[in-house]
>>> print(open('run01.cif').read())   # mmCIF, C-alpha atoms
data_query
#
loop_
_atom_site.label_atom_id
_atom_site.label_comp_id
_atom_site.auth_asym_id
_atom_site.auth_seq_id
_atom_site.Cartn_x
_atom_site.Cartn_y
_atom_site.Cartn_z
CA MET A 1 10.46 -102.52 -1.90
CA MET A 2 7.96 -104.81 -3.58
CA LYS A 3 6.71 -103.68 -6.99
CA VAL A 4 3.77 -101.31 -6.84
CA PHE A 5 1.21 -102.00 -9.53
CA SER A 6 -1.35 -99.71 -11.17
CA PRO A 7 -4.52 -100.61 -13.13
CA GLN A 8 -2.76 -99.56 -16.35
CA ASP A 9 -0.44 -102.56 -15.97
CA PHE A 10 -3.31 -104.95 -16.68
CA ALA A 11 -5.61 -105.68 -19.59
CA ALA A 12 -8.49 -106.48 -17.23
CA LEU A 13 -9.40 -106.16 -13.56
CA ILE A 14 -11.49 -108.92 -12.00
CA GLY A 15 -13.19 -109.18 -8.64
CA ILE A 16 -14.33 -112.60 -7.37
CA ASP A 17 -16.83 -113.15 -4.58
CA TRP A 18 -16.20 -116.79 -3.72
CA ALA A 19 -18.63 -119.30 -2.24
CA ASP A 20 -18.80 -123.02 -1.65
CA LYS A 21 -20.81 -123.91 -4.76
CA LYS A 22 -20.24 -120.97 -7.12
CA HIS A 23 -18.15 -117.84 -7.64
CA ASP A 24 -19.58 -114.47 -8.67
CA ILE A 25 -17.28 -112.56 -11.03
CA CYS A 26 -17.07 -108.93 -12.07
CA GLU A 27 -14.74 -108.26 -15.03
CA TYR A 28 -13.64 -104.78 -16.07
CA SER A 29 -11.85 -104.49 -19.40
CA SER A 30 -9.43 -101.59 -19.84
CA THR A 31 -10.36 -101.53 -23.53
CA SER A 32 -14.16 -101.46 -23.33
CA GLN A 33 -14.21 -99.85 -19.84
CA HIS A 34 -17.31 -101.88 -19.15
CA TYR A 35 -18.28 -104.10 -16.18
CA ASP A 36 -19.40 -107.65 -17.01
CA LEU A 37 -20.98 -109.81 -14.33
CA SER A 38 -20.95 -113.60 -14.52
CA VAL A 39 -21.12 -116.71 -12.35
CA ILE A 40 -19.03 -119.88 -12.57
CA SER A 41 -19.16 -123.15 -10.68
CA SER A 42 -16.58 -123.78 -7.94
CA LYS A 43 -15.64 -127.07 -9.59
CA PRO A 44 -12.00 -127.27 -10.80
CA GLU A 45 -13.11 -127.86 -14.40
CA ALA A 46 -15.18 -124.66 -14.40
CA ILE A 47 -12.35 -122.58 -12.93
CA HIS A 48 -9.89 -124.02 -15.45
CA GLY A 49 -12.21 -123.27 -18.37
CA TRP A 50 -12.79 -119.70 -17.18
CA ALA A 51 -9.05 -119.02 -16.72
CA ASN A 52 -8.22 -120.39 -20.16
CA ASP A 53 -10.99 -118.30 -21.73
CA LEU A 54 -9.42 -115.18 -20.20
CA LYS A 55 -6.07 -116.14 -21.70
CA LYS A 56 -7.63 -116.44 -25.16
CA ARG A 57 -9.45 -113.10 -24.89
CA TYR A 58 -6.39 -111.26 -23.52
CA PRO A 59 -3.44 -112.98 -25.25
CA HIS A 60 0.03 -112.17 -23.89
CA GLN A 61 -1.46 -109.74 -21.38
CA ARG A 62 -1.71 -109.84 -17.59
CA ILE A 63 -4.96 -109.80 -15.65
CA ALA A 64 -5.43 -108.60 -12.06
CA VAL A 65 -7.71 -110.68 -9.84
CA GLY A 66 -8.95 -109.46 -6.47
CA CYS A 67 -10.37 -111.90 -3.92
CA GLU A 68 -11.13 -111.95 -0.20
CA LEU A 69 -8.74 -114.88 0.29
CA LYS A 70 -5.05 -115.55 0.78
CA LYS A 71 -5.37 -119.32 0.67
CA GLY A 72 -7.96 -121.99 0.07
CA PRO A 73 -9.21 -124.02 -2.92
CA LEU A 74 -9.89 -121.02 -5.17
CA ILE A 75 -6.46 -119.45 -4.56
CA TYR A 76 -4.74 -122.81 -5.03
CA ALA A 77 -6.57 -123.21 -8.35
CA LEU A 78 -5.79 -119.70 -9.66
CA SER A 79 -2.13 -119.61 -8.55
CA LYS A 80 -1.03 -121.98 -11.30
CA TYR A 81 -1.97 -119.55 -14.12
CA ASP A 82 0.89 -117.25 -15.13
CA HIS A 83 -1.37 -114.69 -16.77
CA LEU A 84 -3.25 -113.99 -13.50
CA THR A 85 -1.87 -111.70 -10.79
CA LEU A 86 -3.69 -112.22 -7.51
CA PHE A 87 -4.38 -109.43 -5.01
CA PRO A 88 -5.86 -110.54 -1.65
CA ILE A 89 -8.36 -107.98 -0.34
CA ASN A 90 -9.26 -107.75 3.32
CA PRO A 91 -12.91 -108.85 3.79
CA ALA A 92 -13.34 -106.04 6.32
CA SER A 93 -12.39 -103.51 3.64
CA VAL A 94 -15.05 -104.89 1.31
CA ALA A 95 -17.65 -104.84 4.09
CA LYS A 96 -16.86 -101.21 5.01
CA TYR A 97 -16.87 -100.17 1.34
CA ARG A 98 -20.27 -101.84 0.92
CA LYS A 99 -21.66 -100.19 4.04
CA THR A 100 -20.46 -96.76 2.86
CA PHE A 101 -22.54 -96.88 -0.31
CA THR A 102 -25.28 -99.32 0.71
CA HIS A 103 -26.89 -97.86 3.81
CA SER A 104 -29.07 -100.88 4.37
CA GLY A 105 -25.95 -103.01 4.82
CA ALA A 106 -27.45 -105.69 2.54
CA LYS A 107 -24.90 -108.14 1.18
CA ASP A 108 -25.11 -109.22 -2.44
CA ASP A 109 -22.53 -111.46 -4.10
CA PRO A 110 -22.41 -109.71 -7.52
CA THR A 111 -22.17 -106.36 -5.74
CA ASP A 112 -19.24 -107.58 -3.63
CA ALA A 113 -17.48 -108.81 -6.76
CA LYS A 114 -17.88 -105.34 -8.29
CA ILE A 115 -16.65 -103.69 -5.09
CA GLN A 116 -13.46 -105.72 -5.29
CA THR A 117 -13.02 -104.65 -8.91
CA GLU A 118 -13.44 -101.01 -7.89
CA ILE A 119 -10.88 -101.45 -5.11
CA LEU A 120 -8.44 -102.77 -7.70
CA GLN A 121 -9.19 -99.73 -9.90
CA LYS A 122 -8.81 -97.08 -7.23
CA HIS A 123 -6.54 -98.54 -4.56
CA MET A 124 -4.28 -101.10 -6.25
CA HIS A 125 -1.16 -99.21 -5.11
CA LYS A 126 -2.11 -100.05 -1.52
CA LEU A 127 -2.56 -103.77 -2.16
CA ARG A 128 0.13 -106.41 -1.86
CA MET A 129 0.36 -108.89 -4.70
CA LEU A 130 0.11 -112.53 -3.66
CA GLU A 131 3.60 -113.90 -4.23
CA PRO A 132 3.63 -117.58 -3.25
CA GLU A 133 6.71 -119.12 -1.69
CA SER A 134 8.26 -122.27 -3.10
CA PRO A 135 6.12 -125.44 -2.92
CA ALA A 136 8.42 -126.77 -0.17
CA VAL A 137 7.87 -123.72 2.07
CA ARG A 138 4.13 -123.61 1.35
CA ALA A 139 3.80 -127.29 2.26
CA LEU A 140 5.73 -126.73 5.49
CA ALA A 141 3.57 -123.68 6.30
CA GLN A 142 0.40 -125.71 5.93
CA LEU A 143 1.82 -128.55 8.01
CA VAL A 144 2.81 -126.35 10.96
CA GLU A 145 -0.54 -124.55 10.92
CA ASN A 146 -2.42 -127.85 10.76
CA ARG A 147 -0.34 -129.16 13.66
CA ARG A 148 -1.27 -126.13 15.76
CA LYS A 149 -4.95 -126.82 15.11
CA LEU A 150 -4.50 -130.50 16.00
CA VAL A 151 -2.89 -129.51 19.30
CA GLN A 152 -5.87 -127.25 20.02
CA ASP A 153 -8.15 -130.22 19.27
CA ARG A 154 -6.07 -132.30 21.69
CA VAL A 155 -6.52 -129.75 24.44
CA ARG A 156 -10.30 -129.67 23.91
CA LEU A 157 -10.46 -133.47 23.84
CA THR A 158 -8.37 -133.97 26.99
CA ASN A 159 -10.47 -131.36 28.77
CA ARG A 160 -13.61 -133.26 27.82
CA ILE A 161 -12.12 -136.57 28.97
CA THR A 162 -11.12 -134.99 32.28
CA ALA A 163 -14.60 -133.55 32.81
CA THR A 164 -16.23 -136.92 32.04
CA LEU A 165 -13.88 -138.87 34.33
CA LYS A 166 -14.68 -136.51 37.19
CA ASN A 167 -18.30 -137.68 36.96
CA TYR A 168 -17.46 -141.24 38.05
CA TYR A 169 -13.69 -141.90 38.18
CA PRO A 170 -11.91 -138.72 39.45
CA GLN A 171 -8.93 -140.67 40.80
CA ALA A 172 -7.61 -141.26 37.27
CA VAL A 173 -7.41 -137.49 36.79
CA GLU A 174 -5.26 -137.18 39.93
CA TRP A 175 -2.96 -140.13 39.15
CA PHE A 176 -1.89 -138.75 35.76
CA LYS A 177 -1.09 -135.07 35.36
CA GLU A 178 -0.49 -135.32 31.61
CA LYS A 179 -3.51 -136.61 29.71
CA HIS A 180 -1.99 -136.57 26.21
CA THR A 181 0.38 -139.47 26.85
CA THR A 182 0.41 -143.12 25.81
CA LEU A 183 0.57 -144.03 29.51
CA PHE A 184 -2.72 -142.30 30.30
CA ILE A 185 -4.49 -143.48 27.13
CA ASP A 186 -3.49 -147.14 27.58
CA PHE A 187 -4.34 -147.05 31.30
CA ILE A 188 -7.88 -145.79 30.69
CA GLN A 189 -8.42 -148.23 27.83
CA LYS A 190 -7.29 -151.15 30.00
CA TRP A 191 -9.03 -150.04 33.21
CA PRO A 192 -11.89 -147.65 32.33
CA ASP A 193 -13.30 -147.51 35.88
CA LEU A 194 -12.08 -147.79 39.47
CA ASP A 195 -13.57 -151.22 40.09
CA ALA A 196 -11.66 -152.68 37.11
CA VAL A 197 -8.26 -151.33 38.16
CA GLN A 198 -8.73 -152.34 41.81
CA ARG A 199 -9.32 -155.93 40.70
CA ALA A 200 -5.98 -155.97 38.85
CA ARG A 201 -3.07 -157.77 40.52
CA GLU A 202 -0.17 -155.73 41.82
CA ASN A 203 2.36 -157.45 39.53
CA THR A 204 0.09 -156.69 36.55
CA LEU A 205 0.13 -153.00 37.44
CA VAL A 206 3.90 -153.01 37.95
CA ALA A 207 4.41 -154.67 34.55
CA PHE A 208 2.12 -152.10 32.93
CA PHE A 209 4.09 -149.16 34.34
CA HIS A 210 7.41 -150.76 33.40
CA ALA A 211 6.17 -151.30 29.85
CA HIS A 212 5.37 -147.58 29.69
CA HIS A 213 8.85 -146.56 30.86
CA VAL A 214 7.89 -145.69 34.44
CA ARG A 215 11.02 -146.93 36.22
CA TYR A 216 11.03 -145.22 39.61
CA ASN A 217 9.81 -147.74 42.17
CA ASP A 218 8.65 -145.10 44.65
CA ILE A 219 6.36 -143.54 42.01
CA ILE A 220 4.97 -146.97 41.06
CA GLU A 221 4.38 -147.92 44.71
CA LYS A 222 2.68 -144.59 45.39
CA ARG A 223 0.33 -145.07 42.44
CA ILE A 224 -0.50 -148.67 43.28
CA ASN A 225 -1.20 -147.73 46.89
CA ALA A 226 -3.47 -144.91 45.72
CA ILE A 227 -5.29 -147.37 43.43
CA LYS A 228 -5.84 -149.99 46.14
CA THR A 229 -7.00 -147.48 48.78
CA ALA A 230 -9.20 -145.34 46.52
CA HIS A 231 -12.85 -144.93 47.46
CA PRO A 232 -15.39 -144.84 44.60
CA LEU A 233 -17.16 -141.57 43.95
CA THR A 234 -20.34 -143.50 43.12
CA ARG A 235 -21.50 -147.05 42.51
CA ASP A 236 -24.59 -145.98 40.59
CA PRO A 237 -24.56 -147.81 37.21
CA GLY A 238 -26.81 -145.07 35.86
CA VAL A 239 -23.85 -142.71 36.24
CA ILE A 240 -20.90 -145.03 35.65
CA GLU A 241 -21.95 -146.90 32.52
CA PRO A 242 -22.89 -143.93 30.24
CA ASN A 243 -19.80 -141.96 31.27
CA GLN A 244 -17.56 -145.00 30.89
CA LEU A 245 -18.84 -145.59 27.36
CA LEU A 246 -18.21 -141.95 26.48
CA VAL A 247 -14.68 -142.00 27.91
CA LYS A 248 -13.82 -145.12 25.89
CA GLY A 249 -14.87 -143.37 22.69
CA LEU A 250 -13.08 -140.12 23.57
CA VAL A 251 -9.86 -141.94 24.46
CA ARG A 252 -9.92 -143.75 21.11
CA GLN A 253 -10.24 -140.36 19.42
CA LEU A 254 -7.35 -139.02 21.51
CA LYS A 255 -5.14 -141.96 20.54
CA THR A 256 -5.81 -141.37 16.85
CA LEU A 257 -5.22 -137.65 17.29
CA MET A 258 -1.90 -138.28 19.03
CA GLU A 259 -0.79 -140.51 16.17
CA THR A 260 -1.76 -137.81 13.66
CA ILE A 261 0.26 -135.19 15.57
CA ALA A 262 3.24 -137.55 15.66
CA ASP A 263 2.95 -138.04 11.88
CA HIS A 264 2.92 -134.26 11.42
CA ASP A 265 5.95 -133.87 13.70
CA GLN A 266 7.92 -136.34 11.62
CA GLU A 267 6.93 -134.74 8.33
CA ILE A 268 7.64 -131.22 9.63
CA LYS A 269 11.05 -132.30 10.93
CA GLN A 270 12.08 -133.71 7.56
CA ARG A 271 10.70 -130.86 5.44
CA HIS A 272 12.23 -128.25 7.75
CA LYS A 273 15.61 -129.94 7.46
CA ASP A 274 15.31 -129.91 3.67
CA CYS A 275 14.87 -126.10 3.58
CA THR A 276 18.11 -124.24 2.93
CA ASP A 277 17.47 -121.66 5.69
CA HIS A 278 16.73 -124.14 8.48
CA LEU A 279 20.09 -123.57 10.24
CA ILE A 280 19.27 -119.86 10.68
CA PHE A 281 16.00 -120.54 12.46
CA ASP A 282 17.36 -123.51 14.42
CA SER A 283 19.96 -121.17 15.94
CA PHE A 284 17.44 -119.03 17.84
CA PRO A 285 17.06 -119.82 21.55
CA GLY A 286 13.98 -121.87 22.39
CA ALA A 287 13.01 -122.38 18.75
CA GLY A 288 13.41 -126.15 18.74
CA PRO A 289 11.45 -128.54 16.52
CA VAL A 290 8.14 -126.73 17.08
CA TYR A 291 8.92 -123.03 16.62
CA ALA A 292 11.88 -123.12 14.18
CA PRO A 293 9.68 -124.36 11.28
CA ARG A 294 6.99 -121.82 12.19
CA LEU A 295 9.52 -118.96 12.14
CA LEU A 296 10.94 -120.19 8.85
CA THR A 297 7.54 -120.21 7.15
CA ALA A 298 6.74 -116.77 8.60
CA PHE A 299 9.76 -115.27 6.83
CA GLY A 300 9.97 -117.64 3.86
CA GLU A 301 12.88 -117.95 1.46
CA ASN A 302 12.20 -114.92 -0.76
CA ARG A 303 14.55 -112.19 0.54
CA LYS A 304 12.71 -109.55 -1.54
CA ARG A 305 9.45 -110.19 0.28
CA TYR A 306 10.34 -107.80 3.12
CA GLU A 307 12.67 -104.84 2.61
CA SER A 308 12.72 -103.85 6.28
CA ALA A 309 11.98 -105.31 9.68
CA GLY A 310 9.17 -102.77 9.98
CA GLU A 311 7.31 -104.40 7.09
CA ILE A 312 7.07 -107.78 8.77
CA LEU A 313 6.35 -106.17 12.14
CA ARG A 314 3.32 -104.44 10.66
CA TYR A 315 2.24 -107.35 8.47
CA SER A 316 2.41 -109.87 11.34
CA GLY A 317 0.46 -107.59 13.69
CA ILE A 318 3.28 -107.34 16.24
CA ALA A 319 3.74 -103.61 15.65
CA PRO A 320 0.94 -101.70 17.44
CA VAL A 321 -1.30 -99.16 15.71
CA LEU A 322 -1.13 -95.48 16.64
CA GLU A 323 -4.35 -93.53 16.05
CA ARG A 324 -4.86 -89.78 16.33
CA SER A 325 -7.98 -87.68 16.43
CA GLY A 326 -7.83 -84.02 17.27
CA ASN A 327 -5.64 -83.55 20.33
CA LYS A 328 -5.94 -87.19 21.35
CA SER A 329 -3.80 -90.16 20.38
CA TRP A 330 -3.90 -93.78 21.45
CA THR A 331 -2.18 -97.06 20.71
CA HIS A 332 -3.96 -100.37 20.24
CA TRP A 333 -3.47 -103.96 19.11
CA ARG A 334 -3.34 -104.47 15.33
CA TYR A 335 -6.54 -106.39 14.51
CA SER A 336 -6.09 -107.19 10.82
CA CYS A 337 -3.14 -109.57 10.43
CA PRO A 338 -2.27 -113.25 9.83
CA THR A 339 -3.30 -114.65 13.22
CA PHE A 340 -1.17 -117.78 13.07
CA MET A 341 1.96 -115.79 12.21
CA ARG A 342 1.39 -113.47 15.15
CA GLN A 343 0.77 -116.43 17.44
CA SER A 344 4.03 -118.00 16.30
CA PHE A 345 6.07 -114.91 17.14
CA VAL A 346 4.40 -114.25 20.49
CA GLU A 347 4.46 -117.87 21.67
CA TRP A 348 8.09 -118.30 20.69
CA ALA A 349 9.08 -115.00 22.36
CA GLY A 350 7.64 -116.39 25.59
CA GLU A 351 9.89 -119.44 25.25
CA THR A 352 13.02 -117.33 24.81
CA VAL A 353 12.73 -116.04 28.37
CA ARG A 354 13.91 -119.48 29.50
CA TYR A 355 16.74 -119.81 26.99
CA SER A 356 18.13 -116.33 26.29
CA PHE A 357 20.13 -114.30 28.84
CA TRP A 358 19.08 -110.90 27.56
CA ALA A 359 15.45 -111.93 26.96
CA LYS A 360 15.13 -113.08 30.58
CA ALA A 361 16.74 -109.85 31.78
CA TYR A 362 14.34 -107.80 29.64
CA TYR A 363 11.34 -109.71 30.98
CA GLU A 364 12.39 -109.19 34.61
CA GLN A 365 13.19 -105.52 33.97
CA GLN A 366 9.74 -104.86 32.52
CA LYS A 367 8.07 -106.91 35.25
CA GLU A 368 9.65 -104.67 37.87
CA LYS A 369 8.16 -101.69 36.05
CA GLY A 370 4.71 -103.19 36.53
CA LYS A 371 4.08 -104.24 32.94
CA PRO A 372 1.66 -107.20 32.49
CA HIS A 373 2.99 -110.51 31.17
CA GLN A 374 1.34 -110.40 27.72
CA THR A 375 2.49 -106.83 27.08
CA ILE A 376 6.09 -107.78 27.89
CA ILE A 377 6.00 -110.84 25.63
CA ARG A 378 4.61 -108.80 22.72
CA CYS A 379 7.34 -106.19 23.20
CA LEU A 380 9.91 -108.97 23.37
CA ALA A 381 8.54 -110.41 20.11
CA PHE A 382 8.96 -106.93 18.57
CA LYS A 383 12.66 -106.95 19.51
CA TRP A 384 13.22 -110.53 18.36
CA ILE A 385 11.71 -109.93 14.90
CA ARG A 386 14.26 -107.19 14.25
CA ILE A 387 17.04 -109.62 15.18
CA ILE A 388 15.58 -112.46 13.10
CA TYR A 389 15.18 -110.13 10.14
CA ARG A 390 18.87 -109.19 10.27
CA CYS A 391 19.96 -112.83 10.44
CA TRP A 392 17.53 -113.80 7.68
CA LYS A 393 18.59 -110.98 5.37
CA THR A 394 22.33 -111.65 5.83
CA LYS A 395 21.89 -115.45 5.91
CA LYS A 396 23.74 -115.72 9.21
CA THR A 397 22.86 -117.82 12.25
CA TYR A 398 22.08 -116.15 15.57
CA ASP A 399 24.81 -115.92 18.20
CA GLU A 400 23.90 -114.71 21.68
CA SER A 401 27.41 -113.48 22.52
CA THR A 402 27.50 -111.34 19.36
CA TYR A 403 24.24 -109.67 20.33
CA LEU A 404 25.41 -109.11 23.91
CA ASN A 405 28.59 -107.49 22.59
CA ALA A 406 26.44 -105.21 20.43
CA LEU A 407 24.45 -104.22 23.52
CA LYS A 408 27.71 -103.54 25.34
CA LYS A 409 28.98 -101.26 22.55
CA ARG A 410 25.74 -99.29 22.66
CA HIS A 411 25.98 -99.02 26.45
CA SER A 412 22.53 -100.59 26.68
CA PRO A 413 20.71 -100.06 30.00
CA LEU A 414 19.34 -103.59 29.59
CA LEU A 415 22.82 -105.12 29.75
CA ALA A 416 23.68 -102.98 32.76
CA TYR A 417 20.50 -104.17 34.45
CA ALA A 418 21.27 -107.83 33.64
CA ILE A 419 24.81 -107.60 35.02
CA SER A 420 23.59 -105.94 38.23
CA ARG A 421 21.20 -108.79 38.95
#
>>> encode(input="run01.cif", output="structure tokens")
Amino acid sequence: MMKVFSPQDFAALIGIDWADKKHDICEYSSTSQHYDLSVISSKPEAIHGWANDLKKRYPHQRIAVGCELKKGPLIYALSKYDHLTLFPINPASVAKYRKTFTHSGAKDDPTDAKIQTEILQKHMHKLRMLEPESPAVRALAQLVENRRKLVQDRVRLTNRITATLKNYYPQAVEWFKEKHTTLFIDFIQKWPDLDAVQRARENTLVAFFHAHHVRYNDIIEKRINAIKTAHPLTRDPGVIEPNQLLVKGLVRQLKTLMETIADHDQEIKQRHKDCTDHLIFDSFPGAGPVYAPRLLTAFGENRKRYESAGEILRYSGIAPVLERSGNKSWTHWRYSCPTFMRQSFVEWAGETVRYSFWAKAYYEQQKEKGKPHQTIIRCLAFKWIRIIYRCWKTKKTYDESTYLNALKKRHSPLLAYAISR
């Protein structure tokens, strides 16, 4: 298990309520047993000066710092100081603590800083110390999370382009199913309206498709025929010209975004390959270049970080929460968790249905029982995390036949169901 700390382990307890321009600080000294409130600028120089001042006032002693963050500029700045031990505190916990003793619900930065100090005093044994992974893993973690956000931006942008095209040029939406491709982007940039593409010569269109690796003649002929026979939705310049201008700008943004995603893919591929555990995560079905790095950063390289599969199941939010009150009990989704980590596990579990024999059998078995798709995938993620944890802990790659043999030895109903199919 990870080390459990107590307030007596530290010379001082500090709560920080962070903001964009300044940080409110509440410092409690174990010697004076007095609360001191102060404010520092969010500039790196101010943070550095404050941290060094603490080191001078508490030489050769450790200091506990509580903050409503797990990452961000403040955490990045404080992580480099060996004399500071960081404890992330859930913002919801601070808000509920404040509401308990401040009935008006009024938020005050110094008060929140003191609340965090009190949480460190009274509930430190329930907090998990921030233990950063190696710089290589942290860089990879930020890259894969940034990539996910860029893909979400791409979806929003392609949806907006599609909606705008439908106002004056709906045929382009029908001709190209995938909007986040070089083929679509270059086509719209070259022929931003129906009139322009219908004026193009047939051999020009053929050359364009060949240059974009469209080699099937029947597909090319079908597209060219659709282009030449298309009827304009409108000829009103009051509709066409504004929408055309907007599409040109949006497509330029999409092209830049696609290049940025490609740059991230290349960097992620190289950094993932450089990690010593990459072979373990590459071995899981359906992981591939997208999910293998995300799984690796979810577990990290520190084998002491999780002492059981249950720890990561609860931390990631995959394990449900059971609540009881009186004679009633109910189970619900775990709300407080690292969202991106949970997304990684759930999204990848959905992919394994296509690549893993037993995962597909489990999905079909649960579907026959009437379970909804998302519930099945979450349950499947629960099972997969236990398998990943075992491979990660023993530093062994995943082998489907080994797992199927284990199911056979246990006389698993799932294997019997799969064989009967």
>>> closest_residue(input="run01.cif", among="A:Gln152, A:Leu257, A:Arg386, A:Lys21", to="Arg314 (chain A)", atoms="only C-alpha atoms")
A:Arg386
>>> atom_distance(input="run01.cif", atom1="CA of Arg421 (chain A)", atom2="CA of Ala287 (chain A)")
25.7 Å
>>> closest_residue(input="run01.cif", among="A:Leu54, A:Asp265, A:Cys391, A:Arg342", to="Ala309 (chain A)", atoms="all atoms listed in the file")
A:Cys391
>>> atom_distance(input="run01.cif", atom1="CA of Leu279 (chain A)", atom2="CA of Leu415 (chain A)")
27.0 Å
>>> resolve_selection(input="run01.cif", expression="the PyMOL selection byres ((chain A and resi 243) around 12)", output="number ranges by chain")
A: 160-170, 192-193, 234, 236-242, 244-250
>>> residues_around(input="run01.cif", residues="Thr256 (chain A)", least_positions_apart="3", cutoff="12 Å", atoms="only C-alpha atoms", output="PyMOL selection string")
chain A and resi 150+153-154+157+180-182+185+249-253+259-263
>>> write_last_selection(input="run01.cif", atoms="C-alpha atoms", output="PDB file, in the frame of the given file")
ATOM      1  CA  LEU A 150      -4.500-130.500  16.000  1.00  0.00           C
ATOM      2  CA  ASP A 153      -8.150-130.220  19.270  1.00  0.00           C
ATOM      3  CA  ARG A 154      -6.070-132.300  21.690  1.00  0.00           C
ATOM      4  CA  LEU A 157     -10.460-133.470  23.840  1.00  0.00           C
ATOM      5  CA  HIS A 180      -1.990-136.570  26.210  1.00  0.00           C
ATOM      6  CA  THR A 181       0.380-139.470  26.850  1.00  0.00           C
ATOM      7  CA  THR A 182       0.410-143.120  25.810  1.00  0.00           C
ATOM      8  CA  ILE A 185      -4.490-143.480  27.130  1.00  0.00           C
ATOM      9  CA  GLY A 249     -14.870-143.370  22.690  1.00  0.00           C
ATOM     10  CA  LEU A 250     -13.080-140.120  23.570  1.00  0.00           C
ATOM     11  CA  VAL A 251      -9.860-141.940  24.460  1.00  0.00           C
ATOM     12  CA  ARG A 252      -9.920-143.750  21.110  1.00  0.00           C
ATOM     13  CA  GLN A 253     -10.240-140.360  19.420  1.00  0.00           C
ATOM     14  CA  GLU A 259      -0.790-140.510  16.170  1.00  0.00           C
ATOM     15  CA  THR A 260      -1.760-137.810  13.660  1.00  0.00           C
ATOM     16  CA  ILE A 261       0.260-135.190  15.570  1.00  0.00           C
ATOM     17  CA  ALA A 262       3.240-137.550  15.660  1.00  0.00           C
ATOM     18  CA  ASP A 263       2.950-138.040  11.880  1.00  0.00           C
TER      19      ASP A 263
END
>>> resolve_selection(input="run01.cif", expression="the PyMOL selection byres ((chain A and resi 14) around 6)", output="ChimeraX atom specification")
/A:13,15,26-27,65,117
>>> closest_residue(input="run01.cif", among="A:Ser316, A:Thr402, A:Asn52, A:Asn203", to="Ala381 (chain A)", atoms="only C-alpha atoms")
A:Ser316
>>> axis_aligned_box(input="run01.cif", around="region 186-197 of chain A", padding_each_side="3 Å", output="AutoDock Vina command-line options")
--center_x -8.5 --center_y -149.2 --center_z 33.8 --size_x 16.1 --size_y 12.9 --size_z 18.5
>>> build_atoms(input="run01.cif", residues="region 274-285 of chain A", atoms="N, CA and C atoms", output="PDB file, in the frame of the given file")
ATOM      1  N   ASP A 274      15.047-130.021   5.100  1.00  0.00           N
ATOM      2  CA  ASP A 274      15.310-129.910   3.670  1.00  0.00           C
ATOM      3  C   ASP A 274      15.381-128.464   3.183  1.00  0.00           C
ATOM      4  N   CYS A 275      14.845-127.521   3.971  1.00  0.00           N
ATOM      5  CA  CYS A 275      14.870-126.100   3.580  1.00  0.00           C
ATOM      6  C   CYS A 275      16.276-125.533   3.804  1.00  0.00           C
ATOM      7  N   THR A 276      16.738-124.742   2.857  1.00  0.00           N
ATOM      8  CA  THR A 276      18.110-124.240   2.930  1.00  0.00           C
ATOM      9  C   THR A 276      18.354-123.307   4.118  1.00  0.00           C
ATOM     10  N   ASP A 277      17.308-122.631   4.601  1.00  0.00           N
ATOM     11  CA  ASP A 277      17.470-121.660   5.690  1.00  0.00           C
ATOM     12  C   ASP A 277      17.258-122.265   7.081  1.00  0.00           C
ATOM     13  N   HIS A 278      17.119-123.577   7.193  1.00  0.00           N
ATOM     14  CA  HIS A 278      16.730-124.140   8.480  1.00  0.00           C
ATOM     15  C   HIS A 278      17.757-123.878   9.582  1.00  0.00           C
ATOM     16  N   LEU A 279      19.051-123.800   9.224  1.00  0.00           N
ATOM     17  CA  LEU A 279      20.090-123.570  10.240  1.00  0.00           C
ATOM     18  C   LEU A 279      19.933-122.195  10.892  1.00  0.00           C
ATOM     19  N   ILE A 280      19.473-121.206  10.119  1.00  0.00           N
ATOM     20  CA  ILE A 280      19.270-119.860  10.680  1.00  0.00           C
ATOM     21  C   ILE A 280      18.227-119.907  11.785  1.00  0.00           C
ATOM     22  N   PHE A 281      17.103-120.546  11.499  1.00  0.00           N
ATOM     23  CA  PHE A 281      16.000-120.540  12.460  1.00  0.00           C
ATOM     24  C   PHE A 281      16.224-121.543  13.597  1.00  0.00           C
ATOM     25  N   ASP A 282      17.005-122.581  13.349  1.00  0.00           N
ATOM     26  CA  ASP A 282      17.360-123.510  14.420  1.00  0.00           C
ATOM     27  C   ASP A 282      18.269-122.851  15.452  1.00  0.00           C
ATOM     28  N   SER A 283      18.976-121.791  15.044  1.00  0.00           N
ATOM     29  CA  SER A 283      19.960-121.170  15.940  1.00  0.00           C
ATOM     30  C   SER A 283      19.336-120.274  17.004  1.00  0.00           C
ATOM     31  N   PHE A 284      18.062-119.934  16.863  1.00  0.00           N
ATOM     32  CA  PHE A 284      17.440-119.030  17.840  1.00  0.00           C
ATOM     33  C   PHE A 284      17.066-119.761  19.115  1.00  0.00           C
ATOM     34  N   PRO A 285      17.320-119.151  20.270  1.00  0.00           N
ATOM     35  CA  PRO A 285      17.060-119.820  21.550  1.00  0.00           C
ATOM     36  C   PRO A 285      15.589-120.181  21.731  1.00  0.00           C
TER      37      PRO A 285
END
